[in-house]
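What follows is the content of upload07.txt, which has compact mmCIF, C-alpha atoms:
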```
# COMPACT_ATOMS: atom_id res chain seq x y z
CA MET B 29 88.46 106.79 114.31
CA ASN B 30 85.80 104.20 114.91
CA LEU B 31 85.48 103.99 118.68
CA GLU B 32 83.10 101.02 118.27
CA THR B 33 86.07 98.76 117.52
CA LEU B 34 87.18 98.75 121.16
CA GLY B 35 88.00 95.18 122.18
CA GLN B 36 87.53 93.75 118.70
CA VAL B 37 89.90 91.15 117.26
CA LEU B 38 90.82 92.49 113.83
CA VAL B 39 93.32 89.86 112.69
CA GLU B 40 93.74 86.21 113.61
CA THR B 41 96.10 84.43 111.27
CA GLU B 42 99.40 82.63 110.79
CA VAL B 43 102.50 84.21 109.32
CA VAL B 44 106.00 83.00 108.48
CA VAL B 45 109.16 84.78 109.54
CA GLU B 46 110.45 85.28 106.02
CA PRO B 47 114.27 85.38 105.85
CA GLU B 48 114.02 87.85 102.96
CA SER B 49 112.06 90.28 105.12
CA VAL B 50 114.51 89.90 107.98
CA ALA B 51 117.36 90.61 105.54
CA LEU B 52 115.67 93.88 104.54
CA LEU B 53 115.58 94.99 108.16
CA VAL B 54 119.23 94.05 108.63
CA ASP B 55 120.14 96.09 105.55
CA ALA B 56 118.11 99.04 106.81
CA LEU B 57 119.90 99.13 110.16
CA GLY B 58 123.40 98.34 108.93
CA THR B 59 124.85 97.79 112.40
CA PRO B 60 126.85 94.88 113.86
CA HIS B 61 123.85 93.64 115.86
CA ALA B 62 121.23 94.30 113.20
CA SER B 63 120.42 90.60 112.69
CA GLU B 64 119.56 90.20 116.38
CA VAL B 65 117.46 93.35 116.33
CA ALA B 66 115.61 92.24 113.20
CA LEU B 67 114.58 88.95 114.82
CA ARG B 68 113.07 90.87 117.73
CA LEU B 69 110.76 92.98 115.55
CA PRO B 70 110.16 91.41 112.14
CA PHE B 71 106.43 92.20 112.23
CA PHE B 72 104.46 95.42 112.62
CA GLY B 73 101.21 94.43 114.30
CA PRO B 74 99.00 97.01 112.56
CA THR B 75 100.01 95.68 109.13
CA VAL B 76 100.83 92.03 109.84
CA GLY B 77 97.40 91.00 108.55
CA GLY B 78 97.65 93.21 105.46
CA GLY B 79 98.06 96.94 104.98
CA ASP B 80 94.43 97.82 105.62
CA SER B 81 93.61 95.15 108.20
CA VAL B 82 93.75 97.55 111.15
CA VAL B 83 93.77 101.02 109.61
CA GLY B 84 90.51 100.22 107.78
CA PRO B 85 88.39 98.95 110.69
CA ILE B 86 89.56 101.59 113.18
CA ASP B 87 89.16 104.23 110.44
CA LEU B 88 92.57 105.79 111.00
CA SER B 89 93.37 108.69 108.69
CA LEU B 90 96.94 108.38 107.42
CA GLU B 91 96.94 112.13 106.70
CA ARG B 92 95.96 113.04 110.27
CA GLY B 93 97.42 110.13 112.21
CA LEU B 94 100.84 108.90 113.23
CA ALA B 95 102.24 106.27 115.55
CA GLY B 96 102.86 107.83 118.93
CA GLY B 97 104.58 104.95 120.62
CA GLN B 98 105.36 101.26 120.74
CA SER B 99 105.77 98.78 123.55
CA PHE B 100 107.36 95.36 123.23
CA GLU B 101 107.41 92.43 125.62
CA TRP B 102 109.87 89.83 124.38
CA HIS B 103 109.89 86.21 125.49
CA ARG B 104 112.32 85.11 122.81
CA SER B 105 113.53 86.09 119.36
CA PHE B 106 111.71 84.91 116.27
CA ARG B 107 113.42 82.21 114.20
CA PRO B 108 113.91 82.62 110.48
CA GLY B 109 111.43 80.47 108.60
CA GLU B 110 109.22 79.63 111.58
CA ARG B 111 105.44 79.81 111.34
CA VAL B 112 103.71 81.76 114.10
CA SER B 113 100.14 82.64 114.94
CA VAL B 114 99.19 86.24 115.54
CA VAL B 115 96.13 87.87 117.04
CA VAL B 116 95.69 91.62 116.60
CA SER B 117 93.07 93.48 118.63
CA VAL B 118 92.04 96.98 119.62
CA GLU B 119 93.04 97.20 123.25
CA ASP B 120 92.00 100.82 123.69
CA ILE B 121 90.48 103.54 121.55
CA ILE B 122 89.37 106.84 122.99
CA ASP B 123 88.32 110.39 122.23
CA LYS B 124 90.63 112.84 123.99
CA GLY B 125 89.93 116.48 123.24
CA THR B 126 91.24 117.32 119.79
CA LEU B 127 92.65 113.81 119.36
CA HIS B 128 91.69 110.18 118.97
CA LEU B 129 94.03 107.62 120.50
CA ALA B 130 94.11 103.90 119.70
CA THR B 131 96.24 101.11 121.15
CA VAL B 132 96.63 98.10 118.88
CA LEU B 133 97.80 94.91 120.60
CA SER B 134 99.38 92.04 118.70
CA GLU B 135 100.40 88.74 120.28
CA TYR B 136 102.62 86.22 118.55
CA ARG B 137 102.75 82.54 119.56
CA ASP B 138 104.65 79.56 118.25
CA THR B 139 103.07 76.31 117.08
CA ASP B 140 103.03 75.04 120.69
CA GLY B 141 101.07 78.10 121.77
CA GLU B 142 103.99 79.62 123.65
CA LEU B 143 104.06 83.41 123.68
CA ILE B 144 106.94 84.85 121.66
CA GLN B 145 106.11 88.53 121.76
CA ARG B 146 103.47 90.99 122.85
CA GLN B 147 103.53 94.25 120.89
CA ARG B 148 101.50 97.41 121.35
CA THR B 149 101.35 100.36 118.97
CA VAL B 150 99.66 103.61 119.92
CA PHE B 151 98.19 105.73 117.12
CA VAL B 152 97.41 109.40 117.60
CA GLU B 153 94.98 111.02 115.16
CA ARG B 154 94.05 114.69 114.97
CA LYS B 155 90.30 115.12 114.62
CA PRO B 156 89.16 116.57 111.30
CA ALA B 157 88.31 120.27 111.32
CA GLY B 158 84.61 119.52 110.76
CA GLU B 159 84.43 117.28 113.80
CA LEU B 160 86.13 119.93 115.91
CA SER B 161 83.58 122.49 114.71
CA GLN B 162 80.73 120.17 115.66
CA ASP B 163 82.26 119.64 119.09
CA ALA B 164 82.58 123.39 119.54
CA ALA B 165 79.00 123.94 118.38
CA ALA B 166 77.77 121.28 120.81
CA ASP B 167 79.69 122.99 123.59
CA ASP B 168 78.21 126.35 122.61
CA GLY B 169 74.72 124.86 122.56
CA SER B 170 75.18 123.36 125.98
CA ALA B 171 76.42 126.63 127.39
CA ALA B 172 73.51 128.53 125.81
CA GLY B 173 71.04 126.03 127.25
CA GLU B 174 72.41 126.48 130.73
CA SER B 175 72.28 130.23 130.48
CA ALA B 176 68.69 130.14 129.11
CA SER B 177 67.53 128.08 132.04
CA MET G 30 121.14 112.34 142.54
CA SER G 31 123.16 109.31 143.57
CA GLU G 32 120.00 107.15 143.71
CA GLN G 33 119.09 108.22 140.18
CA ARG G 34 122.57 107.43 138.96
CA MET G 35 122.29 103.94 140.47
CA SER G 36 119.22 103.16 138.38
CA GLU G 37 120.69 104.49 135.15
CA LEU G 38 121.54 101.96 132.47
CA ASP G 39 125.22 101.18 132.11
CA LEU G 40 125.16 102.27 128.49
CA SER G 41 127.49 104.55 126.56
CA PRO G 42 125.89 106.93 124.05
CA ALA G 43 125.80 105.29 120.63
CA THR G 44 125.16 107.01 117.30
CA ALA G 45 123.53 104.99 114.53
CA PRO G 46 124.56 105.43 110.90
CA ALA G 47 122.79 108.31 109.14
CA ILE G 48 119.36 107.11 107.99
CA THR G 49 119.01 107.03 104.24
CA ARG G 50 115.83 106.98 102.17
CA GLU G 51 116.90 103.56 100.92
CA ALA G 52 117.19 102.28 104.48
CA MET G 53 113.77 103.69 105.31
CA ARG G 54 112.27 101.92 102.32
CA SER G 55 114.01 98.64 103.18
CA PHE G 56 112.61 98.81 106.67
CA VAL G 57 109.01 99.43 105.66
CA ASP G 58 109.29 96.71 103.02
CA GLY G 59 110.69 94.36 105.67
CA VAL G 60 107.74 94.92 108.03
CA SER G 61 105.22 95.29 105.17
CA ASP G 62 104.00 98.74 106.16
CA PRO G 63 102.49 100.43 103.09
CA ASN G 64 101.90 103.82 104.76
CA PRO G 65 103.22 106.32 102.17
CA VAL G 66 104.19 108.79 104.88
CA HIS G 67 107.42 106.77 105.15
CA THR G 68 108.26 106.70 101.44
CA ASP G 69 106.41 109.41 99.50
CA PRO G 70 107.42 113.05 100.17
CA GLU G 71 104.29 114.37 98.45
CA PHE G 72 102.04 112.33 100.71
CA ALA G 73 104.09 113.41 103.73
CA ALA G 74 103.38 117.00 102.73
CA THR G 75 99.62 116.33 102.83
CA ALA G 76 100.16 115.20 106.42
CA GLY G 77 101.87 118.50 107.18
CA LEU G 78 105.38 117.06 107.25
CA PRO G 79 108.38 118.53 105.42
CA ASP G 80 109.59 115.08 104.31
CA VAL G 81 109.01 111.36 104.82
CA VAL G 82 109.44 110.10 108.38
CA VAL G 83 111.01 106.97 109.82
CA GLN G 84 108.60 104.13 110.58
CA ALA G 85 107.75 103.50 114.26
CA SER G 86 109.43 100.10 114.52
CA HIS G 87 112.50 101.55 112.82
CA THR G 88 112.80 104.05 115.67
CA THR G 89 112.34 101.26 118.19
CA ALA G 90 115.03 99.30 116.35
CA LEU G 91 117.52 102.14 116.81
CA ALA G 92 117.01 102.02 120.57
CA LEU G 93 117.01 98.24 120.69
CA ASP G 94 120.21 98.04 118.65
CA ALA G 95 122.10 100.08 121.24
CA LEU G 96 120.65 97.97 124.06
CA ILE G 97 121.43 94.65 122.41
CA ALA G 98 124.97 95.78 121.60
CA ARG G 99 125.55 96.42 125.29
CA PHE G 100 123.45 93.78 127.07
CA GLY G 101 122.53 91.09 124.52
CA ALA G 102 119.06 90.33 123.21
CA ASP G 103 118.09 87.85 125.91
CA ALA G 104 118.68 90.37 128.69
CA ILE G 105 115.93 92.70 127.52
CA LEU G 106 112.37 91.84 128.49
CA ASN G 107 110.44 94.99 127.68
CA LEU G 108 110.93 98.26 125.84
CA ASP G 109 108.29 100.97 125.91
CA VAL G 110 109.03 103.70 123.36
CA ARG G 111 107.34 107.09 123.09
CA LEU G 112 107.80 108.82 119.75
CA ARG G 113 108.44 112.48 120.56
CA GLY G 114 109.35 113.88 117.15
CA PRO G 115 109.87 112.84 113.56
CA ILE G 116 113.10 111.32 112.27
CA PHE G 117 113.87 112.41 108.70
CA PRO G 118 116.18 111.09 105.98
CA GLY G 119 119.78 111.99 106.75
CA ASP G 120 119.23 112.19 110.49
CA GLU G 121 121.84 110.71 112.80
CA VAL G 122 120.27 109.41 115.98
CA THR G 123 122.17 109.01 119.21
CA VAL G 124 120.87 106.70 121.92
CA SER G 125 121.84 107.68 125.47
CA PRO G 126 120.89 106.40 128.92
CA VAL G 127 118.59 108.47 131.11
CA SER G 128 116.92 107.79 134.40
CA TYR G 129 113.21 108.22 135.01
CA GLY G 130 113.28 107.28 138.66
CA GLU G 131 114.52 104.79 141.16
CA LEU G 132 113.37 101.68 139.32
CA ASP G 133 112.72 102.70 135.75
CA ARG G 134 115.68 102.81 133.44
CA GLY G 135 115.43 104.69 130.23
CA VAL G 136 116.98 105.68 126.96
CA GLU G 137 116.69 108.92 125.07
CA LEU G 138 117.06 109.28 121.31
CA ARG G 139 118.23 112.61 119.92
CA ASN G 140 118.93 113.70 116.39
CA GLN G 141 122.07 115.56 115.32
CA ARG G 142 120.37 118.88 116.15
CA GLY G 143 119.87 117.78 119.75
CA ASP G 144 116.10 117.34 119.46
CA VAL G 145 114.61 114.48 121.47
CA VAL G 146 112.90 112.24 118.92
CA ALA G 147 112.00 109.36 121.23
CA THR G 148 112.30 108.13 124.78
CA GLY G 149 112.10 104.60 126.09
CA ILE G 150 111.70 102.70 129.32
CA VAL G 151 113.64 99.45 129.53
CA VAL G 152 112.88 96.45 131.72
CA MET G 153 115.68 93.92 131.92
CA ARG G 154 115.23 90.31 132.95
CA GLY G 155 115.76 90.13 136.68
CA ASP G 156 114.67 93.71 137.30
CA PRO G 157 112.56 94.08 140.48
CA ASP G 158 109.50 95.08 138.44
CA GLU G 159 109.83 92.31 135.85
```
Could I get this structure in the form of structure tokens?
Amino acid sequence: MNLETLGQVLVETEVVVEPESVALLVDALGTPHASEVALRLPFFGPTVGGGDSVVGPIDLSLERGLAGGQSFEWHRSFRPGERVSVVVSVEDIIDKGTLHLATVLSEYRDTDGELIQRQRTVFVERKPAGELSQDAAADDGSAAGESAS
Amino acid sequence: MSEQRMSELDLSPATAPAITREAMRSFVDGVSDPNPVHTDPEFAATAGLPDVVVQASHTTALALDALIARFGADAILNLDVRLRGPIFPGDEVTVSPVSYGELDRGVELRNQRGDVVATGIVVMRGDPDE
């Protein structure tokens, strides 16, 4: 992952709550309340600006990374057909042992600027084997230096 | 124990319909997520997975569906979901209430084998920590 993207705004755009997309979510769930659920989460922040809009800049490997969690703060449901603005940013991105962790924040507002939803997605990425070897070598070097002194 | 029971959500366990590959594809198309780990078994294998896995928001939707069915959409302010394990095609996920403490109220998602696949903390409108 690219830790230099911490705090960066990666997407700032407007999107429409497409009824066709909502219908796909309703079909996928197939439950009595599916239409209400679909209008609470019609967008996935990491891809709302395009498939590579977040994965590219943060350099997330799809082979080594997965979503580890999601957090939603709802102020109201989306409305079919409405146009909303969305800002997607890297709220946190860290190196943690054998892993990289990134929190992607997306905020959706209506045309009056009122907050509709705040959504966070946490990605967990295993470091590539080469990077782990380098870390281990650096550790070994450090230990050797201490013992030499 | 009685204090924990008091903070538990008044929610009966609810099992969602078995998740089909078609449903998984509809969901990722609906949220425009092109990650092939949700649709392409060969790609999933390169990620070390035995099959495609359910998209993150799809898992959240399973929890939210049970909550909305019981409380209504407007009652729910916040849902914080931790993905604990993959959900595969054919899995049947049951959402049950659990308590994480005096104030936090949670849900647990298990597959038909009893594995915990996700947990969630729920904040309702009017909760003390809203």
Using all atoms listed in the file, the shortest atom-to-atom distance to chain B among G:Gly59, G:Pro46, G:Pro65, G:Gly155 belongs to G:Gly59
Tell me, counting all atoms listed in the file, for each residue of chain B within 7 Å of chain G, which pair of atoms is nearest and how far apart they are in Å to one decimal, in rows ordered by chain and increasing number, as a Markdown table.
```
| residue | atom | partner | partner_atom | distance |
| --- | --- | --- | --- | --- |
| B:Ser49 | CA | G:Gly59 | CA | 4.3 |
| B:Val50 | CA | G:Gly59 | CA | 6.3 |
| B:Leu52 | CA | G:Gly59 | CA | 5.1 |
| B:Leu53 | CA | G:Phe56 | CA | 5.1 |
| B:Asp55 | CA | G:Ala52 | CA | 6.9 |
| B:Ala56 | CA | G:Ala52 | CA | 4.1 |
| B:His61 | CA | G:Ala98 | CA | 6.2 |
| B:Ala62 | CA | G:Asp94 | CA | 6.7 |
| B:Glu64 | CA | G:Ala102 | CA | 6.8 |
| B:Val65 | CA | G:Asp94 | CA | 5.9 |
| B:Pro70 | CA | G:Val60 | CA | 5.9 |
| B:Phe71 | CA | G:Val60 | CA | 5.2 |
| B:Phe72 | CA | G:Val60 | CA | 5.7 |
| B:Thr75 | CA | G:Asp62 | CA | 5.8 |
| B:Gly79 | CA | G:Pro63 | CA | 5.9 |
| B:Glu91 | CA | G:Ala76 | CA | 4.5 |
| B:Arg92 | CA | G:Ala76 | CA | 6.1 |
| B:Ala95 | CA | G:Ala85 | CA | 6.3 |
| B:Gly96 | CA | G:Leu112 | CA | 5.1 |
| B:Gly97 | CA | G:Arg111 | CA | 4.3 |
| B:Gln98 | CA | G:Val110 | CA | 5.1 |
| B:Ser99 | CA | G:Asp109 | CA | 4.1 |
| B:Phe100 | CA | G:Leu108 | CA | 5.3 |
| B:Glu101 | CA | G:Asn107 | CA | 4.5 |
| B:Trp102 | CA | G:Leu106 | CA | 5.2 |
| B:His103 | CA | G:Leu106 | CA | 6.8 |
```
Write the residues of the selection above to a file with C-alpha atoms, as a short mmCIF file (atom, residue, chain, number, x, y, z; two decimals), in the frame of the given file.
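Resulting contents of out.cif:
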```cif
data_model
loop_
_atom_site.label_atom_id
_atom_site.label_comp_id
_atom_site.auth_asym_id
_atom_site.auth_seq_id
_atom_site.Cartn_x
_atom_site.Cartn_y
_atom_site.Cartn_z
CA SER B 49 112.06 90.28 105.12
CA VAL B 50 114.51 89.90 107.98
CA LEU B 52 115.67 93.88 104.54
CA LEU B 53 115.58 94.99 108.16
CA ASP B 55 120.14 96.09 105.55
CA ALA B 56 118.11 99.04 106.81
CA HIS B 61 123.85 93.64 115.86
CA ALA B 62 121.23 94.30 113.20
CA GLU B 64 119.56 90.20 116.38
CA VAL B 65 117.46 93.35 116.33
CA PRO B 70 110.16 91.41 112.14
CA PHE B 71 106.43 92.20 112.23
CA PHE B 72 104.46 95.42 112.62
CA THR B 75 100.01 95.68 109.13
CA GLY B 79 98.06 96.94 104.98
CA GLU B 91 96.94 112.13 106.70
CA ARG B 92 95.96 113.04 110.27
CA ALA B 95 102.24 106.27 115.55
CA GLY B 96 102.86 107.83 118.93
CA GLY B 97 104.58 104.95 120.62
CA GLN B 98 105.36 101.26 120.74
CA SER B 99 105.77 98.78 123.55
CA PHE B 100 107.36 95.36 123.23
CA GLU B 101 107.41 92.43 125.62
CA TRP B 102 109.87 89.83 124.38
CA HIS B 103 109.89 86.21 125.49
#
```
### Message
Excluding Ile144 of chain B and its own-chain neighbours fewer than 4 positions away, which residues fall within 6 Å of it when counting all atoms listed in the file? Please give them as a PyMOL selection string.
### Response
chain B and resi 103-104+136-137
Between atom CA of Glu37 of chain G and atom CA of Gly135 of chain G lies a distance of 7.2 Å
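Here atom CA of Phe151 of chain B is placed at a distance of 5.2 Å from atom CA of Ala130 of chain B.
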- Query: Excluding same-chain residues fewer than 4 positions from segment 108-110 of chain B, what lies within 8 Å of it counting all atoms listed in the file, as JSON, numbers by chain?
  - Reply: {"B": [44, 45, 46, 47, 50, 67]}
Could I see segment 77-104 of chain B restored to N, CA and C atoms, set down as an mmCIF file, in the frame of the given file?
```
data_model
loop_
_atom_site.group_PDB
_atom_site.id
_atom_site.type_symbol
_atom_site.label_atom_id
_atom_site.label_comp_id
_atom_site.auth_asym_id
_atom_site.auth_seq_id
_atom_site.Cartn_x
_atom_site.Cartn_y
_atom_site.Cartn_z
ATOM 1 N N GLY B 77 98.498 91.683 109.226
ATOM 2 C CA GLY B 77 97.400 91.000 108.550
ATOM 3 C C GLY B 77 97.060 91.606 107.202
ATOM 4 N N GLY B 78 97.920 92.492 106.709
ATOM 5 C CA GLY B 78 97.650 93.210 105.460
ATOM 6 C C GLY B 78 97.570 94.697 105.762
ATOM 7 N N GLY B 79 97.910 95.508 104.757
ATOM 8 C CA GLY B 79 98.060 96.940 104.980
ATOM 9 C C GLY B 79 96.856 97.642 105.555
ATOM 10 N N ASP B 80 95.656 97.127 105.206
ATOM 11 C CA ASP B 80 94.430 97.820 105.620
ATOM 12 C C ASP B 80 93.696 97.088 106.740
ATOM 13 N N SER B 81 94.323 96.036 107.271
ATOM 14 C CA SER B 81 93.610 95.150 108.200
ATOM 15 C C SER B 81 93.259 95.818 109.520
ATOM 16 N N VAL B 82 94.022 96.818 109.908
ATOM 17 C CA VAL B 82 93.750 97.550 111.150
ATOM 18 C C VAL B 82 93.329 98.979 110.848
ATOM 19 N N VAL B 83 94.067 99.615 109.954
ATOM 20 C CA VAL B 83 93.770 101.020 109.610
ATOM 21 C C VAL B 83 92.334 101.155 109.105
ATOM 22 N N GLY B 84 91.877 100.169 108.317
ATOM 23 C CA GLY B 84 90.510 100.220 107.780
ATOM 24 C C GLY B 84 89.455 100.164 108.871
ATOM 25 N N PRO B 85 89.438 99.071 109.668
ATOM 26 C CA PRO B 85 88.390 98.950 110.690
ATOM 27 C C PRO B 85 88.390 100.077 111.722
ATOM 28 N N ILE B 86 89.581 100.528 112.151
ATOM 29 C CA ILE B 86 89.560 101.590 113.180
ATOM 30 C C ILE B 86 89.378 102.962 112.531
ATOM 31 N N ASP B 87 89.393 102.988 111.188
ATOM 32 C CA ASP B 87 89.160 104.230 110.440
ATOM 33 C C ASP B 87 90.201 105.287 110.795
ATOM 34 N N LEU B 88 91.460 104.875 110.712
ATOM 35 C CA LEU B 88 92.570 105.790 111.000
ATOM 36 C C LEU B 88 92.938 106.551 109.730
ATOM 37 N N SER B 89 92.938 107.861 109.814
ATOM 38 C CA SER B 89 93.370 108.690 108.690
ATOM 39 C C SER B 89 94.888 108.745 108.649
ATOM 40 N N LEU B 90 95.481 108.330 107.531
ATOM 41 C CA LEU B 90 96.940 108.380 107.420
ATOM 42 C C LEU B 90 97.429 109.822 107.280
ATOM 43 N N GLU B 91 96.542 110.716 106.814
ATOM 44 C CA GLU B 91 96.940 112.130 106.700
ATOM 45 C C GLU B 91 96.955 112.824 108.063
ATOM 46 N N ARG B 92 96.070 112.363 108.973
ATOM 47 C CA ARG B 92 95.960 113.040 110.270
ATOM 48 C C ARG B 92 96.503 112.206 111.428
ATOM 49 N N GLY B 93 96.973 111.003 111.129
ATOM 50 C CA GLY B 93 97.420 110.130 112.210
ATOM 51 C C GLY B 93 98.855 109.685 112.067
ATOM 52 N N LEU B 94 99.480 109.430 113.193
ATOM 53 C CA LEU B 94 100.840 108.900 113.230
ATOM 54 C C LEU B 94 100.957 107.969 114.431
ATOM 55 N N ALA B 95 101.944 107.077 114.373
ATOM 56 C CA ALA B 95 102.240 106.270 115.550
ATOM 57 C C ALA B 95 102.850 107.171 116.622
ATOM 58 N N GLY B 96 102.340 107.022 117.831
ATOM 59 C CA GLY B 96 102.860 107.830 118.930
ATOM 60 C C GLY B 96 103.753 107.063 119.876
ATOM 61 N N GLY B 97 103.734 105.747 119.748
ATOM 62 C CA GLY B 97 104.580 104.950 120.620
ATOM 63 C C GLY B 97 104.438 103.471 120.339
ATOM 64 N N GLN B 98 105.365 102.710 120.876
ATOM 65 C CA GLN B 98 105.360 101.260 120.740
ATOM 66 C C GLN B 98 105.862 100.642 122.031
ATOM 67 N N SER B 99 105.303 99.502 122.374
ATOM 68 C CA SER B 99 105.770 98.780 123.550
ATOM 69 C C SER B 99 105.940 97.308 123.177
ATOM 70 N N PHE B 100 107.068 96.764 123.545
ATOM 71 C CA PHE B 100 107.360 95.360 123.230
ATOM 72 C C PHE B 100 107.622 94.585 124.514
ATOM 73 N N GLU B 101 107.073 93.382 124.548
ATOM 74 C CA GLU B 101 107.410 92.430 125.620
ATOM 75 C C GLU B 101 107.951 91.191 124.909
ATOM 76 N N TRP B 102 109.226 90.933 125.103
ATOM 77 C CA TRP B 102 109.870 89.830 124.380
ATOM 78 C C TRP B 102 110.054 88.612 125.282
ATOM 79 N N HIS B 103 109.636 87.474 124.772
ATOM 80 C CA HIS B 103 109.890 86.210 125.490
ATOM 81 C C HIS B 103 111.009 85.437 124.822
ATOM 82 N N ARG B 104 111.156 85.621 123.535
ATOM 83 C CA ARG B 104 112.320 85.110 122.810
ATOM 84 C C ARG B 104 112.364 85.787 121.446
#
```
